[in-house]
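J.: My structure is in query-v1.cif, and what it holds is mmCIF, C-alpha atoms:
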data_coords
#
loop_
_atom_site.label_atom_id
_atom_site.label_comp_id
_atom_site.auth_asym_id
_atom_site.auth_seq_id
_atom_site.Cartn_x
_atom_site.Cartn_y
_atom_site.Cartn_z
CA MET M 253 183.42 152.94 72.54
CA ILE M 254 179.68 153.74 72.33
CA GLN M 255 177.43 151.67 74.58
CA SER M 256 174.33 149.96 73.17
CA SER M 257 172.04 152.47 74.93
CA GLU M 258 173.99 155.32 73.34
CA THR M 259 173.68 153.66 69.93
CA GLU M 260 169.90 153.51 70.36
CA SER M 261 169.86 157.24 71.22
CA ILE M 262 171.79 158.07 68.06
CA LYS M 263 169.44 155.89 66.00
CA LYS M 264 166.53 157.74 67.57
CA CYS M 265 168.15 161.08 66.57
CA LEU M 266 168.65 159.84 63.03
CA ARG M 267 165.03 158.71 62.77
CA HIS M 268 163.94 162.24 63.66
CA ILE M 269 166.26 163.69 61.01
CA ASN M 270 165.03 161.28 58.32
CA SER M 271 161.41 161.92 59.21
CA PRO M 272 159.77 164.09 56.50
CA CYS M 273 158.02 166.22 59.11
CA PRO M 274 159.61 165.98 62.58
CA LEU M 275 156.75 167.34 64.68
CA ASN M 276 157.60 165.52 67.90
CA HIS M 277 159.13 167.34 70.85
CA GLU M 278 162.78 166.97 69.80
CA GLY M 279 162.04 167.89 66.21
CA VAL M 280 160.29 171.11 67.25
CA VAL M 281 163.13 172.09 69.60
CA PHE M 282 165.62 171.40 66.80
CA CYS M 283 163.77 173.55 64.26
CA ALA M 284 163.34 176.40 66.73
CA THR M 285 167.01 176.29 67.70
CA LEU M 286 168.06 176.23 64.04
CA ILE M 287 166.15 179.41 63.25
CA HIS M 288 167.06 181.16 66.52
CA ASN M 289 170.81 180.56 66.20
CA TYR M 290 171.24 182.37 62.87
CA HIS M 291 171.88 186.02 63.63
CA MET M 292 173.81 188.25 61.26
CA ASN M 293 176.66 190.20 62.79
CA ILE M 294 176.71 193.96 62.24
CA LEU M 295 179.07 193.79 59.24
CA GLN M 296 176.82 191.23 57.53
CA GLU M 297 173.81 193.49 58.12
CA ILE M 298 175.56 196.50 56.60
CA PHE M 299 176.55 194.66 53.41
CA ALA M 300 173.26 192.72 53.12
CA ASP M 301 171.24 195.95 53.32
CA HIS M 302 173.32 197.72 50.68
CA TYR M 303 174.52 194.85 48.47
CA GLU M 304 172.68 195.93 45.30
CA GLU M 305 173.65 199.58 45.82
CA MET M 306 177.30 198.51 46.16
CA ILE M 307 177.13 196.51 42.92
CA TYR M 308 175.51 199.25 40.80
CA THR M 309 177.23 202.35 42.20
CA LEU M 310 180.74 201.18 43.13
CA HIS M 311 181.21 198.56 40.37
CA PRO M 312 183.45 196.37 42.55
CA ARG M 313 186.02 193.84 41.35
CA ASP M 314 184.95 190.21 40.86
CA THR M 315 186.84 189.10 43.95
CA VAL M 316 184.97 191.72 46.03
CA VAL M 317 181.58 190.45 44.80
CA GLU M 318 182.62 186.87 45.57
CA ASN M 319 183.94 187.58 49.09
CA VAL M 320 181.10 189.89 50.11
CA GLY M 321 178.54 187.32 48.90
CA LYS M 322 180.26 184.62 50.95
CA MET M 323 180.47 186.82 54.03
CA ILE M 324 176.79 187.80 53.93
CA ASN M 325 175.73 184.12 53.94
CA CYS M 326 178.33 182.91 56.43
CA GLY M 327 176.63 180.74 59.03
CA ASN M 328 173.33 180.58 57.13
CA PRO M 329 171.84 177.13 57.90
CA SER M 330 170.14 176.94 54.49
CA TYR M 331 173.59 176.51 52.94
CA GLY M 332 174.22 173.37 54.92
CA GLY M 333 176.10 172.20 57.97
CA ALA M 334 176.78 169.31 60.32
CA MET M 335 174.22 167.63 62.56
CA TYR M 336 175.30 166.47 66.01
CA GLY M 337 173.29 164.38 68.44
CA CYS M 338 173.56 163.61 72.13
CA PRO M 339 173.91 159.84 72.76
CA LYS M 340 172.36 160.24 76.22
CA CYS M 341 169.25 162.40 75.82
CA GLY M 342 168.88 162.43 72.02
CA LYS M 343 169.01 166.23 71.70
CA LEU M 344 170.13 167.56 68.29
CA LYS M 345 172.41 170.45 67.42
CA PHE M 346 172.98 171.86 63.93
CA VAL M 347 176.30 173.62 63.19
CA PRO M 348 176.14 175.61 59.91
CA PHE M 349 179.00 175.83 57.44
CA ARG M 350 181.21 178.91 57.39
CA CYS M 351 182.23 180.90 54.32
CA HIS M 352 186.06 180.73 54.68
CA SER M 353 186.40 184.23 53.27
CA ARG M 354 189.33 186.32 54.50
CA PHE M 355 187.01 189.36 54.49
CA CYS M 356 184.53 187.77 56.93
CA PRO M 357 185.23 188.87 60.54
CA THR M 358 184.45 185.38 61.88
CA CYS M 359 186.33 183.36 59.27
CA GLY M 360 189.00 186.05 59.01
CA ASN M 361 189.85 185.54 62.68
CA LYS M 362 190.05 181.79 62.11
CA TYR M 363 192.27 182.38 59.08
CA SER M 364 194.46 184.72 61.16
CA MET M 365 194.86 182.06 63.84
CA GLU M 366 195.93 179.47 61.28
CA ARG M 367 198.40 181.69 59.47
CA THR M 368 199.79 182.93 62.80
CA THR M 369 200.44 179.33 63.79
CA ASN M 370 202.15 178.57 60.47
CA MET M 371 204.32 181.68 60.80
CA SER M 372 205.30 180.71 64.34
CA PHE M 373 206.59 177.32 63.17
CA LYS M 374 209.11 179.10 60.92
CA LEU M 375 210.63 181.28 63.64
CA ILE M 376 214.13 180.65 64.97
CA ASN M 377 214.55 180.78 68.75
CA VAL M 378 216.03 184.31 68.81
CA ARG M 379 214.71 187.80 69.41
CA HIS M 380 213.04 189.46 66.42
CA ARG M 381 212.63 193.11 65.44
CA HIS M 382 209.27 194.36 64.14
CA CYS M 383 209.90 196.99 61.46
CA VAL M 384 207.30 198.88 59.43
CA PHE M 385 208.07 200.08 55.88
CA THR M 386 205.82 202.96 54.78
CA ILE M 387 205.55 204.85 51.48
CA ASP M 388 204.92 208.37 50.20
CA GLU M 389 201.23 209.31 50.37
CA ASN M 390 201.35 210.34 46.68
CA LEU M 391 202.29 206.78 45.68
CA ARG M 392 199.24 205.14 47.25
CA PRO M 393 196.88 205.69 44.25
CA PHE M 394 199.29 203.81 41.96
CA PHE M 395 198.89 200.65 44.06
CA LEU M 396 195.12 201.03 44.15
CA GLU M 397 194.83 201.42 40.37
CA ASP M 398 197.23 198.58 39.56
CA ARG M 399 197.26 196.00 42.34
CA LYS M 400 200.10 194.04 40.72
CA LEU M 401 202.37 196.84 41.95
CA LEU M 402 201.88 195.56 45.50
CA ASN M 403 204.47 192.91 44.61
CA CYS M 404 207.01 195.75 44.33
CA LEU M 405 206.68 196.40 48.06
CA PHE M 406 207.70 192.82 48.88
CA HIS M 407 210.58 192.86 46.38
CA ALA M 408 211.92 196.16 47.76
CA VAL M 409 211.81 195.05 51.41
CA THR M 410 213.44 191.70 50.58
CA SER M 411 216.34 193.31 48.73
CA VAL M 412 216.92 195.98 51.40
CA VAL M 413 216.89 193.66 54.44
CA SER M 414 219.07 191.04 52.71
CA ARG M 415 221.53 193.71 51.58
CA MET M 416 221.82 195.23 55.08
CA PHE M 417 222.93 191.90 56.55
CA PHE M 418 225.16 191.06 53.59
CA LYS M 419 227.12 194.30 54.08
CA MET M 420 228.04 193.30 57.65
CA ASN M 421 230.44 190.68 56.33
CA MET M 422 230.38 190.02 52.59
CA SER M 423 232.56 186.91 52.77
CA LYS M 424 230.39 185.24 55.40
CA ASN M 425 227.10 186.27 53.74
CA PHE M 426 225.02 186.44 56.92
CA THR M 427 221.38 185.72 56.12
CA PRO M 428 218.53 186.73 58.48
CA GLY M 429 215.08 185.19 58.66
CA PHE M 430 212.21 187.58 58.06
CA ILE M 431 208.46 187.49 57.53
CA MET M 432 206.66 190.21 55.55
CA VAL M 433 202.96 190.97 55.96
CA LEU M 434 201.17 193.45 53.69
CA HIS M 435 198.59 195.74 55.28
CA THR M 436 196.63 197.94 52.88
CA PHE M 437 194.65 199.72 55.60
CA GLY M 438 195.30 202.34 58.23
CA ARG M 439 193.40 202.52 61.50
CA ASP M 440 190.86 204.84 59.86
CA LEU M 441 190.30 202.13 57.16
CA LYS M 442 191.64 204.37 54.37
CA TRP M 443 193.93 202.97 51.65
CA ASN M 444 197.46 202.93 53.08
CA PRO M 445 199.64 200.05 51.81
CA HIS M 446 202.68 199.29 53.98
CA ILE M 447 204.75 196.28 54.99
CA HIS M 448 205.12 194.88 58.50
CA CYS M 449 208.35 192.92 58.68
CA LEU M 450 209.48 190.65 61.52
CA ILE M 451 213.28 190.32 61.25
CA SER M 452 215.54 188.04 63.27
CA GLU M 453 218.15 189.95 65.30
CA GLY M 454 220.95 187.98 63.75
CA GLY M 455 222.05 186.15 60.64
CA TYR M 456 223.34 182.70 59.69
CA SER M 457 226.47 182.39 57.58
CA ASN M 458 227.13 179.92 54.76
CA ASP M 459 229.53 177.97 57.02
CA GLY M 460 227.02 177.57 59.86
CA PHE M 461 227.95 180.48 62.17
CA TRP M 462 225.24 182.60 63.83
CA ARG M 463 225.94 186.28 64.43
CA ASN M 464 223.74 188.31 66.76
CA VAL M 465 222.82 191.78 65.49
CA LYS M 466 221.55 194.38 67.98
CA HIS M 467 221.96 197.50 65.84
CA PHE M 468 219.85 198.05 62.72
CA ASN M 469 220.97 200.87 60.44
CA TYR M 470 217.68 202.75 59.95
CA THR M 471 219.33 205.51 57.91
CA TYR M 472 220.36 202.87 55.40
CA LEU M 473 216.94 201.14 55.53
CA ARG M 474 215.05 204.37 54.82
CA ASN M 475 217.22 205.46 51.89
CA ALA M 476 217.63 201.99 50.42
CA PHE M 477 213.90 201.20 50.67
CA ARG M 478 213.00 204.47 48.89
CA THR M 479 215.47 203.74 46.09
CA ALA M 480 214.55 200.07 45.72
CA LEU M 481 210.79 200.71 45.64
CA LEU M 482 210.96 203.60 43.17
CA ASN M 483 213.21 201.55 40.86
CA GLU M 484 210.80 198.59 41.03
CA MET M 485 207.85 200.84 40.22
CA GLU M 486 209.69 202.50 37.33
CA LYS M 487 210.36 199.05 35.84
CA GLU M 488 206.62 198.32 35.89
CA LEU M 489 205.27 201.74 34.90
CA GLY M 490 207.91 202.89 32.45
CA PRO M 491 209.20 206.42 31.63
CA SER M 492 205.89 208.05 32.64
CA PHE M 493 206.82 207.42 36.28
CA LYS M 494 210.10 209.41 36.16
CA LYS M 495 208.50 212.73 37.13
CA VAL M 496 206.84 211.16 40.21
CA LYS M 497 210.10 209.43 41.09
CA ALA M 498 212.04 212.72 40.99
CA SER M 499 209.38 214.34 43.18
CA CYS M 500 209.72 211.55 45.80
CA TYR M 501 213.49 212.10 45.95
CA ARG M 502 213.00 215.84 46.49
CA GLU M 503 210.36 215.46 49.20
CA HIS M 504 212.02 212.52 50.98
CA LYS M 505 215.72 213.37 51.01
CA HIS M 506 216.27 211.06 53.98
CA GLY M 507 214.25 208.18 52.53
CA PHE M 508 210.80 206.76 53.20
CA TYR M 509 209.74 206.36 56.81
CA VAL M 510 210.91 203.05 58.25
CA TYR M 511 210.52 202.52 61.99
CA ALA M 512 210.68 199.78 64.59
CA LYS M 513 207.86 198.96 66.96
CA PRO M 514 208.97 199.40 70.60
CA ASN M 515 207.70 195.94 71.55
CA LYS M 516 210.38 193.34 72.24
CA CYS M 517 209.71 190.17 70.27
CA ASP M 518 211.24 187.62 72.64
CA PRO M 519 210.96 183.97 71.53
CA LYS M 520 208.54 183.20 74.40
CA VAL M 521 205.96 185.81 73.36
CA VAL M 522 206.59 186.13 69.63
CA THR M 523 203.69 183.79 68.74
CA LYS M 524 201.15 186.01 70.54
CA TYR M 525 202.83 189.08 69.09
CA ILE M 526 202.42 187.84 65.52
CA GLY M 527 198.73 187.13 66.06
CA ARG M 528 198.07 190.55 67.57
CA TYR M 529 200.02 192.80 65.21
CA LEU M 530 200.55 190.88 61.97
CA GLY M 531 197.54 188.63 61.60
CA ARG M 532 194.62 190.93 62.36
CA PRO M 533 191.70 191.45 59.92
CA VAL M 534 190.76 194.86 58.44
CA ILE M 535 188.17 195.64 61.12
CA ALA M 536 186.76 193.71 64.05
CA THR M 537 183.00 193.90 64.65
CA SER M 538 183.77 195.18 68.17
CA ARG M 539 185.07 198.40 66.60
CA ILE M 540 181.73 199.10 64.89
CA ASP M 541 179.70 200.95 67.53
CA LYS M 542 176.48 201.82 65.71
CA TYR M 543 174.60 201.25 62.45
CA ASP M 544 171.21 202.86 61.83
CA GLY M 545 170.72 201.97 58.17
CA ASP M 546 172.23 205.19 56.80
CA PHE M 547 175.31 205.90 58.91
CA VAL M 548 178.03 203.77 60.53
CA THR M 549 179.92 204.77 63.67
CA PHE M 550 183.25 203.11 64.40
CA HIS M 551 186.26 203.89 66.58
CA TYR M 552 190.03 203.55 66.56
CA ASN M 553 193.11 204.86 68.35
CA ARG M 554 194.93 207.34 66.15
CA HIS M 555 198.38 206.09 65.17
CA GLU M 556 200.22 209.41 65.66
CA ASP M 557 199.27 210.06 69.31
CA ASP M 558 197.12 207.05 70.31
CA VAL M 559 194.12 209.36 70.88
CA TYR M 560 190.70 207.63 70.84
CA VAL M 561 188.75 208.71 67.73
CA GLU M 562 185.09 208.00 66.99
CA GLU M 563 184.02 208.52 63.39
CA THR M 564 180.51 208.55 61.88
CA ILE M 565 180.29 208.29 58.10
CA PRO M 566 177.60 207.42 55.51
CA VAL M 567 177.19 203.69 55.06
CA MET M 568 178.30 203.71 51.40
CA GLU M 569 181.45 205.61 52.36
CA PHE M 570 182.11 202.93 55.00
CA ILE M 571 181.68 200.18 52.38
CA LYS M 572 183.85 202.14 49.94
CA ARG M 573 186.64 202.24 52.51
CA LEU M 574 186.46 198.52 53.26
CA ILE M 575 186.25 196.76 49.90
CA PRO M 576 189.62 197.93 48.46
CA HIS M 577 191.30 195.86 51.20
CA ILE M 578 189.92 192.58 49.83
CA PRO M 579 192.93 191.01 48.06
CA GLU M 580 192.82 189.46 44.63
CA LYS M 581 192.26 185.72 44.51
CA HIS M 582 195.47 183.76 45.26
CA PHE M 583 197.41 186.94 46.10
CA LYS M 584 199.79 186.20 48.99
CA MET M 585 199.60 188.81 51.73
CA ILE M 586 202.32 187.03 53.74
CA ARG M 587 205.72 186.19 52.32
CA TYR M 588 208.93 184.78 53.75
CA GLY M 589 212.50 185.91 53.16
CA GLY M 590 216.04 184.82 53.95
CA LEU M 591 216.27 181.76 56.21
CA TYR M 592 212.48 181.42 56.31
CA ALA M 593 212.21 181.17 52.53
CA ARG M 594 214.74 178.39 52.00
CA ASN M 595 215.21 174.78 53.04
CA ARG M 596 218.90 173.94 53.19
CA GLU M 597 220.52 171.06 55.03
CA ILE M 598 222.71 173.38 57.12
CA ASP M 599 219.64 175.29 58.37
CA LYS M 600 218.41 172.18 60.20
CA HIS M 601 220.99 172.88 62.94
CA LEU M 602 219.09 176.01 63.97
CA HIS M 603 216.76 175.83 66.98
CA HIS M 604 213.20 176.93 66.35
CA ALA M 605 210.92 178.77 68.78
CA ILE M 606 208.43 175.88 68.53
CA SER M 607 209.87 172.40 68.16
CA ARG M 608 208.48 170.11 65.46
CA GLU M 609 207.24 167.71 68.16
CA ASN M 610 204.89 170.42 69.48
CA HIS M 611 203.40 171.46 66.12
CA HIS M 612 200.36 169.20 66.54
CA ILE M 613 199.59 170.80 69.92
CA PHE M 614 199.53 174.32 68.46
CA ARG M 615 197.50 173.16 65.45
CA SER M 616 194.91 171.60 67.77
CA PHE M 617 194.17 175.07 69.21
CA ASN M 618 192.86 176.09 65.77
CA LEU M 619 190.26 173.33 65.57
CA TRP M 620 186.68 174.61 65.66
CA ARG M 621 185.77 173.02 68.98
CA THR M 622 189.04 173.87 70.77
CA ALA M 623 189.09 177.45 69.44
CA ILE M 624 185.59 178.16 70.83
CA LEU M 625 186.50 176.55 74.16
CA HIS M 626 189.58 178.77 74.53
CA ALA M 627 187.93 181.96 73.25
CA PHE M 628 184.54 181.78 75.01
CA GLY M 629 185.06 179.24 77.79
CA TYR M 630 182.45 176.69 76.75
CA ASP M 631 182.47 173.43 74.81
CA PRO M 632 180.08 173.70 71.81
CA LEU M 633 179.60 169.92 71.72
CA LYS M 634 178.83 169.54 75.44
CA CYS M 635 175.15 168.77 75.88
CA GLU M 636 173.13 170.24 78.76
CA CYS M 637 172.87 166.74 80.20
CA GLY M 638 176.68 166.53 80.47
CA ALA M 639 177.33 164.09 77.60
CA THR M 640 179.45 164.89 74.53
CA MET M 641 177.49 165.18 71.29
CA LEU M 642 178.45 162.95 68.38
CA PHE M 643 178.56 163.74 64.68
CA LEU M 644 175.54 162.33 62.81
CA LYS M 645 175.14 163.72 59.29
CA LEU M 646 176.16 166.42 56.86
CA TYR M 647 173.65 168.60 55.02
CA TYR M 648 174.27 170.68 51.92
CA LYS M 649 171.51 173.01 50.63
CA HIS M 650 168.68 171.19 52.43
CA ALA M 651 169.81 167.71 51.28
CA HIS M 652 171.64 165.06 53.26
CA VAL M 653 175.12 164.35 51.89
CA SER M 654 177.06 161.28 52.95
CA LEU M 655 180.76 161.56 53.72
CA GLU M 656 181.49 159.00 50.98
CA GLU M 657 179.62 161.12 48.43
CA MET M 658 181.48 164.30 49.42
CA TYR M 659 184.82 162.46 49.25
CA GLU M 660 184.02 161.12 45.80
CA LYS M 661 183.04 164.60 44.55
CA VAL M 662 186.30 166.12 45.84
CA MET M 663 188.40 163.33 44.35
CA SER M 664 186.68 163.48 40.94
CA ARG M 665 187.16 167.27 40.86
CA SER M 666 190.83 166.78 41.69
CA ARG M 667 191.20 164.16 38.94
CA ARG M 668 189.61 166.52 36.39
CA LYS M 669 192.03 169.31 37.31
CA ARG M 670 195.03 166.99 36.95
CA SER M 671 193.86 165.68 33.57
CA SER M 672 193.26 169.21 32.23
CA ALA M 673 196.66 170.46 33.43
#
Since I need it in another form, could you write the structure as structure tokens?
T.:
Amino acid sequence: MIQSSETESIKKCLRHINSPCPLNHEGVVFCATLIHNYHMNILQEIFADHYEEMIYTLHPRDTVVENVGKMINCGNPSYGGAMYGCPKCGKLKFVPFRCHSRFCPTCGNKYSMERTTNMSFKLINVRHRHCVFTIDENLRPFFLEDRKLLNCLFHAVTSVVSRMFFKMNMSKNFTPGFIMVLHTFGRDLKWNPHIHCLISEGGYSNDGFWRNVKHFNYTYLRNAFRTALLNEMEKELGPSFKKVKASCYREHKHGFYVYAKPNKCDPKVVTKYIGRYLGRPVIATSRIDKYDGDFVTFHYNRHEDDVYVEETIPVMEFIKRLIPHIPEKHFKMIRYGGLYARNREIDKHLHHAISRENHHIFRSFNLWRTAILHAFGYDPLKCECGATMLFLKLYYKHAHVSLEEMYEKVMSRSRRKRSSA
């Protein structure tokens, strides 16, 4: 409950906001803080400096233009935000809106946290195996030219994993739970589509019996994945693909490379494991070491031998490597299979790694304020005087917007969509 003195402080804050020219002490501090707090990160600088050149020389897809535009303006106060005020000392703090683009390093991390949490809620309380399904290098251009073919990767992995468990006992029809995550990038940022798959070490039968599985038949997985993927691609591409298909069989007599990560995905650590290996963005800003306007220097640990590699390339080459990894709008990079893709009554007897009662606790870690507190060790709404700041007003493109007005806009837009459907 806010005390009367606190209410007066908030009213005082609001008077300063409503003032057409807040030139008093608090107003000046607020304006200075607002300008000072907006600093582009290094990825924003790179794309802002070369945005027009990217448009006219690389001719990017519409979704690339949309996501890059959002990312460049992420955190820009002129696009609006929320105003907070301290009920004790009257100090103001403006928190700008974010872009919510998956390509943005800031919002991408937030998106990764949220999807990691949602994935964790699906997991059964058993050990999981992290397998990686890779493809022939000569097939990569097909997926870049026709991005709908990326669906073939998911279909192939689903059929292969399901079939491997089904063959263990055909009458029981043991079904595993597995999560597939598409990565289109290698550590050097080049186009390299592959599937990371987290598979339960066990399957659930139709009559409610769980069977633990310690041994995965990788010989079968490699051969079956090669066959399933090439057949899927031939369906989409037609007879013109037959020559490439025959070449893949000749060069990969033992199948495409499928391997398991050495990490043990125990139920206690699987949530952190998912966030680290499955939910990461294309590149973190911490990996970009230098940008001088013409060249970009970044680093990575080479996959083959874990050797530290530092690479300096022209800025347009850097941009050219990054933008293919922006997915098409509404394309699902994460998909569920087996137990995790169904909702049957018998499956409710299975114990999950995170109980339903604790879901709200894990979701609270993803809230803006809590996430900053855990990541950086400070409370963004804690005033210097020790009091907790309170929400005052929303701003959108320099104009104050009431919560009621925003709600009405969202609801009317929703009603229009329903009526047009």
J.: How many Å separate atom CA of M:Gly321 from atom CA of M:Met306?
T.: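 Separating atom CA of M:Gly321 from atom CA of M:Met306 is a distance of 11.6 Å.
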J.: Atom CA of M:Tyr363 and atom CA of M:His435 are how many Å apart?
T.: 15.3 Å
J.: Calculated over all atoms listed in the file, which of the candidates M:Arg313, M:Lys424, M:Arg478, M:Arg439 has the smallest distance to M:Ile535?
T.: M:Arg439
J.: Contacts of M:Asn421 at 10 Å or less, counting only C-alpha atoms, minus same-chain residues fewer than 5 places along, as a list of chain:residue names?
T.: M:Met416, M:Phe426, M:Ser457
J.: Using all atoms listed in the file, determine which residues lie at most 12 Å from M:Phe406, disregarding the query and same-chain residues fewer than 6 positions distant; provide the list as a list in words.
T.: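 Here the qualifying residues turn out to be Phe385, Thr386, Lys400, Val412, Val413, Phe430, Ile431, Met432, Val433, Leu434, His435, Pro445, His446, Ile447, His448, Cys449, Phe477, Ala480, Leu481, Glu484, Met485, Lys584, Met585, Ile586, Arg587, Tyr588 and Gly589 of chain M.
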J.: What do you get, as JSON, numbers by chain, if you spell out every residue that the PyMOL selection byres ((chain M and resi 602-615) around 8) selects here?
T.: {"M": [366, 369, 372, 373, 374, 375, 376, 377, 378, 519, 520, 599, 600, 601, 616, 617, 618, 619]}
J.: Could you list, as a ChimeraX atom specification, every residue within 10 Å of M:Thr436, counting all atoms listed in the file and ignoring same-chain residues fewer than 6 positions away?
T.: /M:392,395-396,402,442-447,534,576-579,585
J.: When the PyMOL selection byres ((chain M and resi 552) around 9) is applied to the structure above, which residues does it catch, written out as a PyMOL selection string?
T.: chain M and resi 439-440+539+550-551+553-555+558-563
J.: Restricting the calculation to all atoms listed in the file: of M:Glu488, M:Glu305, M:Glu636, M:Asp546, which residue gets closest to M:Asp398?
T.: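 So, comparing all the options, the nearest one is M:Glu488.
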J.: Please complete stretch 455-472 of chain M with N, CA and C atoms and give it back as a short mmCIF file (atom, residue, chain, number, x, y, z; two decimals), keeping the file's coordinate frame.
T.:
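Final output, selection-v2.cif:
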data_model
loop_
_atom_site.label_atom_id
_atom_site.label_comp_id
_atom_site.auth_asym_id
_atom_site.auth_seq_id
_atom_site.Cartn_x
_atom_site.Cartn_y
_atom_site.Cartn_z
N GLY M 455 222.00 186.81 61.93
CA GLY M 455 222.05 186.15 60.64
C GLY M 455 222.90 184.89 60.69
N TYR M 456 222.66 184.00 59.75
CA TYR M 456 223.34 182.70 59.69
C TYR M 456 224.25 182.69 58.48
N SER M 457 225.52 182.36 58.68
CA SER M 457 226.47 182.39 57.58
C SER M 457 226.43 181.09 56.77
N ASN M 458 227.11 181.10 55.63
CA ASN M 458 227.13 179.92 54.76
C ASN M 458 227.87 178.74 55.40
N ASP M 459 228.78 179.05 56.36
CA ASP M 459 229.53 177.97 57.02
C ASP M 459 228.96 177.59 58.38
N GLY M 460 227.72 178.03 58.65
CA GLY M 460 227.02 177.57 59.86
C GLY M 460 227.32 178.35 61.12
N PHE M 461 227.67 179.64 60.99
CA PHE M 461 227.95 180.48 62.17
C PHE M 461 226.84 181.50 62.33
N TRP M 462 226.30 181.62 63.55
CA TRP M 462 225.24 182.60 63.83
C TRP M 462 225.84 183.85 64.44
N ARG M 463 225.47 185.00 63.90
CA ARG M 463 225.94 186.28 64.43
C ARG M 463 224.76 187.10 64.92
N ASN M 464 224.79 187.46 66.21
CA ASN M 464 223.74 188.31 66.76
C ASN M 464 223.91 189.75 66.29
N VAL M 465 222.80 190.39 65.98
CA VAL M 465 222.82 191.78 65.49
C VAL M 465 221.86 192.60 66.35
N LYS M 466 222.39 193.53 67.13
CA LYS M 466 221.55 194.38 67.98
C LYS M 466 221.21 195.71 67.30
N HIS M 467 222.14 196.18 66.46
CA HIS M 467 221.96 197.50 65.84
C HIS M 467 221.49 197.35 64.40
N PHE M 468 220.35 197.98 64.09
CA PHE M 468 219.85 198.05 62.72
C PHE M 468 220.10 199.47 62.21
N ASN M 469 220.65 199.57 61.03
CA ASN M 469 220.97 200.87 60.44
C ASN M 469 219.71 201.43 59.75
N TYR M 470 218.95 202.25 60.49
CA TYR M 470 217.68 202.75 59.95
C TYR M 470 217.89 203.83 58.89
N THR M 471 219.02 204.53 58.97
CA THR M 471 219.33 205.51 57.91
C THR M 471 219.48 204.79 56.58
N TYR M 472 220.20 203.68 56.62
CA TYR M 472 220.36 202.87 55.40
C TYR M 472 219.01 202.31 54.95
#
